[in-house]
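A.B. asks: Here you go, this is data.cif (mmCIF, C-alpha atoms, pLDDT in the B column; chains and numbers go by the auth columns).
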```cif
data_run
#
loop_
_atom_site.group_PDB
_atom_site.id
_atom_site.type_symbol
_atom_site.label_atom_id
_atom_site.label_comp_id
_atom_site.label_asym_id
_atom_site.label_seq_id
_atom_site.Cartn_x
_atom_site.Cartn_y
_atom_site.Cartn_z
_atom_site.B_iso_or_equiv
_atom_site.auth_seq_id
_atom_site.auth_asym_id
ATOM 1 C CA MET A 1 38.769 -2.943 -0.463 76.00 1076 A
ATOM 2 C CA GLN A 2 37.714 0.674 -0.977 86.00 1077 A
ATOM 3 C CA PRO A 3 34.815 2.041 1.134 91.00 1078 A
ATOM 4 C CA VAL A 4 31.527 2.199 -0.768 96.00 1079 A
ATOM 5 C CA ARG A 5 30.013 5.663 -0.893 98.00 1080 A
ATOM 6 C CA ALA A 6 26.533 6.136 -2.390 98.00 1081 A
ATOM 7 C CA ILE A 7 24.264 9.080 -3.168 98.00 1082 A
ATOM 8 C CA TYR A 8 20.532 9.064 -2.393 98.00 1083 A
ATOM 9 C CA PRO A 9 19.260 12.014 -4.464 97.00 1084 A
ATOM 10 C CA GLY A 10 15.843 13.644 -4.421 95.00 1085 A
ATOM 11 C CA THR A 11 13.840 16.734 -3.678 94.00 1086 A
ATOM 12 C CA PHE A 12 12.533 15.436 -0.328 96.00 1087 A
ATOM 13 C CA ASP A 13 9.747 18.047 -0.245 95.00 1088 A
ATOM 14 C CA PRO A 14 8.866 16.916 2.352 96.00 1089 A
ATOM 15 C CA LEU A 15 10.846 14.019 3.780 97.00 1090 A
ATOM 16 C CA THR A 16 8.547 11.017 4.248 97.00 1091 A
ATOM 17 C CA ASN A 17 8.812 7.841 6.303 97.00 1092 A
ATOM 18 C CA GLY A 18 9.386 6.058 2.983 96.00 1093 A
ATOM 19 C CA HIS A 19 12.482 8.191 2.417 97.00 1094 A
ATOM 20 C CA LEU A 20 13.630 7.553 5.968 97.00 1095 A
ATOM 21 C CA ASP A 21 13.098 3.811 5.472 96.00 1096 A
ATOM 22 C CA LEU A 22 15.415 3.860 2.444 97.00 1097 A
ATOM 23 C CA ILE A 23 17.967 5.964 4.311 98.00 1098 A
ATOM 24 C CA ALA A 24 17.970 3.469 7.194 97.00 1099 A
ATOM 25 C CA ARG A 25 18.255 0.399 4.990 97.00 1100 A
ATOM 26 C CA GLY A 26 20.646 2.011 2.497 97.00 1101 A
ATOM 27 C CA SER A 27 22.979 3.041 5.303 98.00 1102 A
ATOM 28 C CA LYS A 28 23.316 -0.649 6.226 97.00 1103 A
ATOM 29 C CA ILE A 29 24.654 -1.696 2.824 96.00 1104 A
ATOM 30 C CA VAL A 30 27.120 1.108 2.072 98.00 1105 A
ATOM 31 C CA ASP A 31 29.920 2.598 4.113 98.00 1106 A
ATOM 32 C CA HIS A 32 28.660 6.154 3.646 98.00 1107 A
ATOM 33 C CA LEU A 33 25.353 7.417 2.278 98.00 1108 A
ATOM 34 C CA VAL A 34 25.008 11.005 1.113 98.00 1109 A
ATOM 35 C CA VAL A 35 21.396 12.173 1.040 98.00 1110 A
ATOM 36 C CA ALA A 36 21.525 14.776 -1.712 98.00 1111 A
ATOM 37 C CA ILE A 37 18.821 17.416 -2.067 97.00 1112 A
ATOM 38 C CA LEU A 38 18.453 18.662 -5.613 93.00 1113 A
ATOM 39 C CA ARG A 39 18.399 22.482 -5.576 89.00 1114 A
ATOM 40 C CA ASN A 40 17.567 23.284 -9.185 73.00 1115 A
ATOM 41 C CA VAL A 41 14.390 21.318 -9.810 62.00 1116 A
ATOM 42 C CA ASN A 42 11.647 21.781 -12.372 71.00 1117 A
ATOM 43 C CA LYS A 43 8.898 20.291 -10.200 65.00 1118 A
ATOM 44 C CA GLY A 44 7.176 23.602 -9.488 73.00 1119 A
ATOM 45 C CA THR A 45 7.327 25.682 -6.348 83.00 1120 A
ATOM 46 C CA PRO A 46 8.506 23.653 -3.363 90.00 1121 A
ATOM 47 C CA LEU A 47 6.623 23.763 -0.070 92.00 1122 A
ATOM 48 C CA PHE A 48 9.862 23.875 1.940 95.00 1123 A
ATOM 49 C CA THR A 49 13.011 25.789 1.099 94.00 1124 A
ATOM 50 C CA VAL A 50 16.200 23.850 0.442 95.00 1125 A
ATOM 51 C CA GLU A 51 17.525 25.066 3.804 96.00 1126 A
ATOM 52 C CA GLU A 52 14.406 23.796 5.613 97.00 1127 A
ATOM 53 C CA ARG A 53 14.663 20.401 3.907 97.00 1128 A
ATOM 54 C CA LEU A 54 18.373 20.199 4.711 97.00 1129 A
ATOM 55 C CA GLU A 55 17.644 20.898 8.371 97.00 1130 A
ATOM 56 C CA MET A 56 14.761 18.389 8.564 98.00 1131 A
ATOM 57 C CA ILE A 57 16.725 15.571 6.944 98.00 1132 A
ATOM 58 C CA ARG A 58 19.790 16.203 9.083 98.00 1133 A
ATOM 59 C CA GLU A 59 17.643 16.052 12.202 97.00 1134 A
ATOM 60 C CA ALA A 60 15.776 12.931 11.051 97.00 1135 A
ATOM 61 C CA ALA A 61 19.024 11.155 10.092 97.00 1136 A
ATOM 62 C CA GLU A 62 20.911 11.965 13.316 96.00 1137 A
ATOM 63 C CA GLY A 63 20.812 8.317 14.383 95.00 1138 A
ATOM 64 C CA PHE A 64 22.729 7.161 11.330 98.00 1139 A
ATOM 65 C CA PRO A 65 26.440 7.940 11.831 97.00 1140 A
ATOM 66 C CA ASN A 66 27.361 7.049 8.245 98.00 1141 A
ATOM 67 C CA VAL A 67 24.761 9.362 6.656 98.00 1142 A
ATOM 68 C CA SER A 68 25.405 12.948 5.641 98.00 1143 A
ATOM 69 C CA VAL A 69 23.109 15.442 3.947 98.00 1144 A
ATOM 70 C CA GLN A 70 24.127 17.873 1.221 98.00 1145 A
ATOM 71 C CA THR A 71 22.614 19.870 -1.609 97.00 1146 A
ATOM 72 C CA PHE A 72 23.532 19.866 -5.264 96.00 1147 A
ATOM 73 C CA ASP A 73 22.473 21.188 -8.617 93.00 1148 A
ATOM 74 C CA GLY A 74 23.438 20.176 -12.114 93.00 1149 A
ATOM 75 C CA LEU A 75 24.143 16.629 -13.168 95.00 1150 A
ATOM 76 C CA LEU A 76 23.975 13.872 -10.571 97.00 1151 A
ATOM 77 C CA VAL A 77 26.979 12.124 -12.120 97.00 1152 A
ATOM 78 C CA ASP A 78 29.091 15.238 -11.594 98.00 1153 A
ATOM 79 C CA PHE A 79 28.014 15.471 -7.953 98.00 1154 A
ATOM 80 C CA ALA A 80 28.698 11.744 -7.484 98.00 1155 A
ATOM 81 C CA ARG A 81 32.228 12.192 -8.853 97.00 1156 A
ATOM 82 C CA GLN A 82 32.823 15.163 -6.532 97.00 1157 A
ATOM 83 C CA GLN A 83 31.707 13.028 -3.589 97.00 1158 A
ATOM 84 C CA GLY A 84 33.740 9.981 -4.602 97.00 1159 A
ATOM 85 C CA ALA A 85 30.528 7.949 -4.846 98.00 1160 A
ATOM 86 C CA VAL A 86 30.376 4.691 -6.770 98.00 1161 A
ATOM 87 C CA ALA A 87 26.611 4.201 -6.571 98.00 1162 A
ATOM 88 C CA VAL A 88 23.266 5.961 -6.624 98.00 1163 A
ATOM 89 C CA LEU A 89 20.483 4.678 -4.394 98.00 1164 A
ATOM 90 C CA ARG A 90 16.954 5.017 -5.763 97.00 1165 A
ATOM 91 C CA GLY A 91 13.617 3.914 -4.395 94.00 1166 A
ATOM 92 C CA ILE A 92 11.014 2.235 -6.557 94.00 1167 A
ATOM 93 C CA ARG A 93 7.405 2.041 -5.371 89.00 1168 A
ATOM 94 C CA ALA A 94 5.650 0.950 -8.561 83.00 1169 A
ATOM 95 C CA ILE A 95 6.196 0.000 -12.186 82.00 1170 A
ATOM 96 C CA SER A 96 5.746 3.640 -13.197 80.00 1171 A
ATOM 97 C CA ASP A 97 8.678 4.569 -10.926 84.00 1172 A
ATOM 98 C CA TYR A 98 10.776 1.845 -12.524 90.00 1173 A
ATOM 99 C CA GLU A 99 10.226 3.153 -16.051 90.00 1174 A
ATOM 100 C CA TYR A 100 11.397 6.644 -15.081 90.00 1175 A
ATOM 101 C CA GLU A 101 14.249 5.405 -12.883 93.00 1176 A
ATOM 102 C CA PHE A 102 15.422 2.991 -15.580 94.00 1177 A
ATOM 103 C CA GLN A 103 15.760 5.868 -18.060 95.00 1178 A
ATOM 104 C CA MET A 104 17.665 7.953 -15.522 95.00 1179 A
ATOM 105 C CA ALA A 105 19.952 5.045 -14.618 96.00 1180 A
ATOM 106 C CA MET A 106 20.762 4.372 -18.268 97.00 1181 A
ATOM 107 C CA MET A 107 21.523 8.052 -18.919 97.00 1182 A
ATOM 108 C CA ASN A 108 23.729 8.172 -15.810 97.00 1183 A
ATOM 109 C CA ARG A 109 25.502 5.024 -17.036 97.00 1184 A
ATOM 110 C CA LYS A 110 26.061 6.660 -20.428 98.00 1185 A
ATOM 111 C CA LEU A 111 27.529 9.755 -18.716 98.00 1186 A
ATOM 112 C CA ASP A 112 29.577 7.739 -16.208 97.00 1187 A
ATOM 113 C CA PRO A 113 29.893 3.982 -16.861 97.00 1188 A
ATOM 114 C CA GLU A 114 31.537 3.491 -13.440 96.00 1189 A
ATOM 115 C CA LEU A 115 28.525 4.799 -11.477 97.00 1190 A
ATOM 116 C CA GLU A 116 26.163 1.992 -10.453 97.00 1191 A
ATOM 117 C CA THR A 117 22.478 2.355 -9.581 97.00 1192 A
ATOM 118 C CA ILE A 118 20.982 0.453 -6.656 97.00 1193 A
ATOM 119 C CA PHE A 119 17.198 0.128 -6.732 96.00 1194 A
ATOM 120 C CA MET A 120 15.491 -0.497 -3.403 96.00 1195 A
ATOM 121 C CA LEU A 121 11.858 -1.183 -2.625 92.00 1196 A
ATOM 122 C CA PRO A 122 10.389 0.659 0.353 90.00 1197 A
ATOM 123 C CA HIS A 123 8.689 -1.166 3.170 92.00 1198 A
ATOM 124 C CA GLU A 124 5.242 -2.310 2.032 92.00 1199 A
ATOM 125 C CA LYS A 125 3.471 0.228 4.232 92.00 1200 A
ATOM 126 C CA TYR A 126 5.130 3.071 2.285 92.00 1201 A
ATOM 127 C CA THR A 127 4.704 1.819 -1.289 90.00 1202 A
ATOM 128 C CA TYR A 128 2.022 4.400 -2.063 90.00 1203 A
ATOM 129 C CA VAL A 129 3.626 7.341 -0.226 92.00 1204 A
ATOM 130 C CA SER A 130 5.103 10.235 -2.179 93.00 1205 A
ATOM 131 C CA SER A 131 5.994 13.775 -1.165 93.00 1206 A
ATOM 132 C CA ARG A 132 3.493 15.116 -3.695 92.00 1207 A
ATOM 133 C CA LEU A 133 0.711 12.987 -2.213 94.00 1208 A
ATOM 134 C CA ILE A 134 1.655 13.992 1.343 96.00 1209 A
ATOM 135 C CA LYS A 135 1.478 17.701 0.454 94.00 1210 A
ATOM 136 C CA GLY A 136 -1.828 17.350 -1.362 94.00 1211 A
ATOM 137 C CA VAL A 137 -3.571 15.324 1.339 96.00 1212 A
ATOM 138 C CA PHE A 138 -2.242 17.546 4.124 96.00 1213 A
ATOM 139 C CA GLN A 139 -3.281 20.758 2.378 93.00 1214 A
ATOM 140 C CA LEU A 140 -6.809 19.349 2.043 95.00 1215 A
ATOM 141 C CA GLY A 141 -6.967 18.601 5.767 95.00 1216 A
ATOM 142 C CA GLY A 142 -6.040 14.905 5.737 96.00 1217 A
ATOM 143 C CA ASP A 143 -4.024 13.216 8.464 96.00 1218 A
ATOM 144 C CA VAL A 144 -0.547 12.284 7.223 97.00 1219 A
ATOM 145 C CA SER A 145 1.074 12.012 10.654 97.00 1220 A
ATOM 146 C CA SER A 146 1.797 8.288 10.273 96.00 1221 A
ATOM 147 C CA LEU A 147 3.538 8.864 6.940 97.00 1222 A
ATOM 148 C CA VAL A 148 6.125 11.500 7.878 97.00 1223 A
ATOM 149 C CA PRO A 149 8.558 11.880 10.792 97.00 1224 A
ATOM 150 C CA ALA A 150 7.100 13.873 13.716 97.00 1225 A
ATOM 151 C CA LEU A 151 9.508 16.745 13.062 97.00 1226 A
ATOM 152 C CA VAL A 152 8.194 17.020 9.498 97.00 1227 A
ATOM 153 C CA MET A 153 4.606 16.940 10.741 97.00 1228 A
ATOM 154 C CA ASP A 154 5.401 19.866 13.061 97.00 1229 A
ATOM 155 C CA ARG A 155 6.888 21.798 10.136 96.00 1230 A
ATOM 156 C CA LEU A 156 3.892 21.028 7.932 96.00 1231 A
ATOM 157 C CA ARG A 157 1.518 22.353 10.565 95.00 1232 A
ATOM 158 C CA ALA A 158 3.599 25.500 10.948 95.00 1233 A
ATOM 159 C CA LYS A 159 3.933 26.024 7.191 86.00 1234 A
ATOM 160 C CA VAL A 160 0.345 25.548 6.023 76.00 1235 A
#
```
So, in terms of C-alpha cells, how does the structure I just supplied come out?
C.D. replies:
Amino acid sequence: MQPVRAIYPGTFDPLTNGHLDLIARGSKIVDHLVVAILRNVNKGTPLFTVEERLEMIREAAEGFPNVSVQTFDGLLVDFARQQGAVAVLRGIRAISDYEYEFQMAMMNRKLDPELETIFMLPHEKYTYVSSRLIKGVFQLGGDVSSLVPALVMDRLRAKV
C-alpha cells in the first residue's frame, strides 16, 4: 500500500488553534501532511508575511514528525501533483464554509479526478474561530490568547 500524502492549504494569517487542531488530527490519519501556505492570495493585505507565517507554522508543528510546511502559488491541484499528494484536507466550521469548500472540491475534482478532498470539523471550541476574526478582535484590543498558539500571540503583540 502506498503512503498517503495530503495537503492542508490555506493562508494561515495568522495560524489559529483551530488550524493547529486540524494539523494534529489530520497528521493522525495520513502518512504525511503538507501544510501549504498560499502565496498569491486575493484576500487583501496580509498581517504577516509569507516568511513569518512559514516560520510560525513550522515552530507550532514541531511536535508532529510527519508534518512539513511549504508555500505555493497557482493551482492547488498542480501543487498536489508536485508533492505526490492524493488528498486535500479542509476544515469546515459552518454551513457557509461547506458551500465554498464544496465548490472548490468539485473544481479540484474536475481538474484532477484522482485528488480526493477530506473535510474535517474542528474541535467544538474552535468552530467560530477564523484568522480574519482573530485579526479584527486583536486589533480592537480584544483578548485572543486562548485562540492562537502562544508563539502567534507573541508575534501579534509585536506586529500591532
A.B. asks: Could you please determine the separation between CA of Ala1136 in chain A and CA of Arg1156 in chain A in Å, to one decimal place?
C.D. replies: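 If I compute the distance from CA of Ala1136 in chain A to CA of Arg1156 in chain A, I get 23.1 Å.
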A.B. asks: What are the closest atom pairs, with distances in Å to one decimal, for each residue of range 1133-1198 of chain A lying within 12 Å of range 1222-1232 of chain A, using all atoms listed in the file, rows by chain and rising residue number, as CSV?
C.D. replies:
```
residue,atom,partner,partner_atom,distance
A:Arg1133,CA,A:Leu1226,CA,11.0
A:Glu1134,CA,A:Leu1226,CA,8.2
A:Ala1135,CA,A:Pro1224,CA,7.3
A:Ala1136,CA,A:Pro1224,CA,10.5
A:His1198,CA,A:Leu1222,CA,11.9
```
A.B. asks: List the residues matched by the PyMOL selection byres ((chain A and resi 1181-1197) around 6) in the displayed structure as a compact mmCIF listing (two decimals) with C-alpha atoms, keeping the file's coordinate frame, ordered by chain and then by residue number.
C.D. replies:
```
# COMPACT_ATOMS: atom_id res chain seq x y z
CA VAL A 1161 30.38 4.69 -6.77
CA ALA A 1162 26.61 4.20 -6.57
CA VAL A 1163 23.27 5.96 -6.62
CA LEU A 1164 20.48 4.68 -4.39
CA ARG A 1165 16.95 5.02 -5.76
CA GLY A 1166 13.62 3.91 -4.39
CA ILE A 1167 11.01 2.24 -6.56
CA GLN A 1178 15.76 5.87 -18.06
CA MET A 1179 17.66 7.95 -15.52
CA ALA A 1180 19.95 5.04 -14.62
CA HIS A 1198 8.69 -1.17 3.17
```
A.B. asks: I need every residue sitting at most 12 Å from the point (21.4, 20.2, -13.5) (coordinates as in the file, all atoms listed in the file considered), written as number ranges by chain.
C.D. replies: A: 1113-1117, 1146-1154
A.B. asks: Give, as JSON, the centre coordinates and the x, y and z edge lengths in Å to one decimal for an axis-aligned box around all listed atoms of range 1196-1210 of chain A, padded by 3 Å on each side.
C.D. replies:
```
{"center_x": 6.3, "center_y": 7.7, "center_z": 0.3, "size_x": 17.1, "size_y": 26.0, "size_z": 13.9}
```
A.B. asks: Given all atoms listed in the file as the basis, pick out the residue of A:Val1109, A:Asp1096, A:Ser1171, A:Lys1103 nearest to Gln1157 in chain A.
C.D. replies: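 With all atoms listed in the file as the atom set, the closest residue is A:Val1109.
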A.B. asks: Please indicate the distance in Å from CA of Phe1139 in chain A to CA of Phe1087 in chain A, rounded to one decimal place.
C.D. replies: 17.6 Å
A.B. asks: So which one's closest to Gly1119 in chain A, A:Gln1214, A:Asp1088, A:Asp1106, A:Met1131? Using only C-alpha atoms, please.
C.D. replies: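 Closest to Gly1119 in chain A of all the choices is A:Asp1088.
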A.B. asks: Tell me, as a PyMOL selection string, which residues lie within 8 Å of Gly1085 in chain A, counting all atoms listed in the file; anything in the same chain fewer than 4 positions away does not count.
C.D. replies: chain A and resi 1110-1113
